[in-house]
Each structure stands twice: as C-alpha cells, then as structure tokens.
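Just below is one structure, and these are the notes that go with it.
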Amino acid sequence: MPNVSKPEGAVTHFLIKSQVQYLATTGLDDKPKVRPFQFMLEEGGRLYFCTSNQKPVFREMQKHPYVEFCASGENFSWLRLNGKVVFSNDLGLKARIQEASPIVKSIYRTPDNPTFEIFYLTDAVATISDFSGNPPQTFRL
C-alpha cells in the first residue's frame, strides 16, 4: 500500500525541477493523446497550468475532464499527477502566470486575452516513484 500524506511542497518542487511535463488526455476521437505541457504555479494547494481555448487539448478537456500528467526527475524518479480539470477565469492568477512565464506573456500578451485559459486539477492525486525499492509517495491535493 502506498504511503499517503498531505502535499508538503514535494509535488510543486518536483514539477518546477522537471520543467516539462507530459499531459495525457482522451481525444475527441476517444483515443489517447499526449503532449508536452508546463506547470505554471501553485496557489492555495492547487496546481495551475494554462492553454489556449483554440487548441484541441482545450476541447478534449471540456469533453473528457479527467487527465494525467507525467514528469521525470533526478535519479530515474517520476511523478504521475491525475485529477479532474477545472477552468478558472481569475484575472489575478492569469496575471501572475504571465509574470512568471515570459513565454506565456509573449503568446497571450494580457491576462484578459479571450483565448488564454488557466486550469487546475480537483480531486488530484500525485505519486512520486523511483527505482530505489522504496515505496512510492502519494499525495492527495
């Protein structure tokens, strides 16, 4: 049975260090889709990501809101993060994301850009594993 505990920054730290995560969704054709993504920030225990509402991934998450991220880390460690996508229109958070990411700012320019979407996962579970033989660490977010 995995070790279950509260998130203590381990998940956020892992996501920041990994730089790129891979998001798995169910496509509009009901087939799996995986693409690179980037963690934006943590606020109030929620892990935020962003995308454009003009991309297929946005429509996929609207139709099939359960997703999973995977990221690799040091010493052959990896993180799996899954949950249900919840979109947010919080302009303050959108501004913080743009301040933290020059790439996002260059794409969307302003927090109120109508194509700029941010989301977090509800009922999220993250598991950090490695090949050490130690049990995985599981965090409920």
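Residues are named by chain letter and number: chains run A, B, ... in the order of the structure tokens, numbers start at 1 in each chain, and ligands are numbered from 1 in the order shown.
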Q.
Just want the 8 Å neighbourhood of segment 48-59 of chain A, counted on only C-alpha atoms, with same-chain residues fewer than 5 positions away dropped. Output as number ranges by chain.
A. A: 25, 27-28, 37-43, 115-121
**Q.** Residues within 10 Å of Arg80 of chain A, only C-alpha atoms, excluding chain neighbours under 5 positions, as an NGL selection string
**A.** :A and (11 or 21-23 or 68-72 or 125-129 or 138)
Q) Got a sec to tell me which of segment 2-67 of chain A DSSP assigns to strand (DSSP E or B), as a list in words? A) Asn3, Val4, Ser5, Gln21, Tyr22, Leu23, Ala24, Thr25, Thr26, Pro32, Lys33, Val34, Arg35, Pro36, Phe37, Leu41, Glu42, Glu43, Arg46, Leu47, Tyr48, Phe49, Cys50, Thr51, Ser52, Tyr66 and Val67 of chain A
Output file for the selection above: C-alpha atoms, as an mmCIF file, in the first residue's frame:
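Wrote selection-v4.cif, looks like this:
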```cif
data_model
loop_
_atom_site.group_PDB
_atom_site.id
_atom_site.type_symbol
_atom_site.label_atom_id
_atom_site.label_comp_id
_atom_site.auth_asym_id
_atom_site.auth_seq_id
_atom_site.Cartn_x
_atom_site.Cartn_y
_atom_site.Cartn_z
ATOM 1 C CA ASN A 3 2.475 5.969 1.627
ATOM 2 C CA VAL A 4 -0.322 8.595 1.625
ATOM 3 C CA SER A 5 0.323 12.034 3.084
ATOM 4 C CA GLN A 21 5.519 17.585 -18.044
ATOM 5 C CA TYR A 22 3.510 15.415 -20.401
ATOM 6 C CA LEU A 23 -0.274 15.676 -20.356
ATOM 7 C CA ALA A 24 -2.411 12.694 -21.342
ATOM 8 C CA THR A 25 -5.990 13.328 -22.396
ATOM 9 C CA THR A 26 -8.714 11.419 -24.155
ATOM 10 C CA PRO A 32 -5.272 8.802 -26.104
ATOM 11 C CA LYS A 33 -3.326 11.998 -26.778
ATOM 12 C CA VAL A 34 -0.084 13.045 -25.059
ATOM 13 C CA ARG A 35 1.714 16.354 -25.394
ATOM 14 C CA PRO A 36 4.304 18.416 -23.523
ATOM 15 C CA PHE A 37 2.996 20.947 -21.013
ATOM 16 C CA LEU A 41 2.264 27.866 -10.316
ATOM 17 C CA GLU A 42 0.744 26.612 -7.074
ATOM 18 C CA GLU A 43 -1.866 28.705 -5.304
ATOM 19 C CA ARG A 46 -3.965 23.996 -6.414
ATOM 20 C CA LEU A 47 -1.524 23.325 -9.244
ATOM 21 C CA TYR A 48 -2.160 25.599 -12.234
ATOM 22 C CA PHE A 49 -1.466 25.061 -15.922
ATOM 23 C CA CYS A 50 -2.568 27.032 -18.995
ATOM 24 C CA THR A 51 -3.508 26.624 -22.630
ATOM 25 C CA SER A 52 -5.424 28.290 -25.449
ATOM 26 C CA TYR A 66 -10.071 13.578 -16.283
ATOM 27 C CA VAL A 67 -6.404 13.843 -17.244
#
```
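Minimum distance to Met61 of chain A across A:Leu91, A:Val86, A:Leu79, A:Leu15 (counting only C-alpha atoms) occurs at A:Val86.
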(Q) Need to verify the contact set: Asp130 of chain A, 9 Å, only C-alpha atoms, exclusion of same-chain residues closer than 6 positions in sequence. Can you return it as a PyMOL selection string? (A) chain A and resi 75-79+136
Q | Those of segment 21-97 of chain A in DSSP helix (DSSP H, G or I), formatted as a VMD selection string | A | chain A and resid 56 to 63 74 to 76 91 to 97
Q.
What's the separation between atom CA of Gly73 of chain A and atom CA of Phe14 of chain A, in Å to one decimal place?
A.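 Between atom CA of Gly73 of chain A and atom CA of Phe14 of chain A the gap works out to 7.1 Å.
For the residues A:Thr110, A:Lys17, A:Glu74, A:Gln62, ranking by smallest atom-to-atom distance to Phe131 of chain A using only C-alpha atoms places A:Glu74 first.
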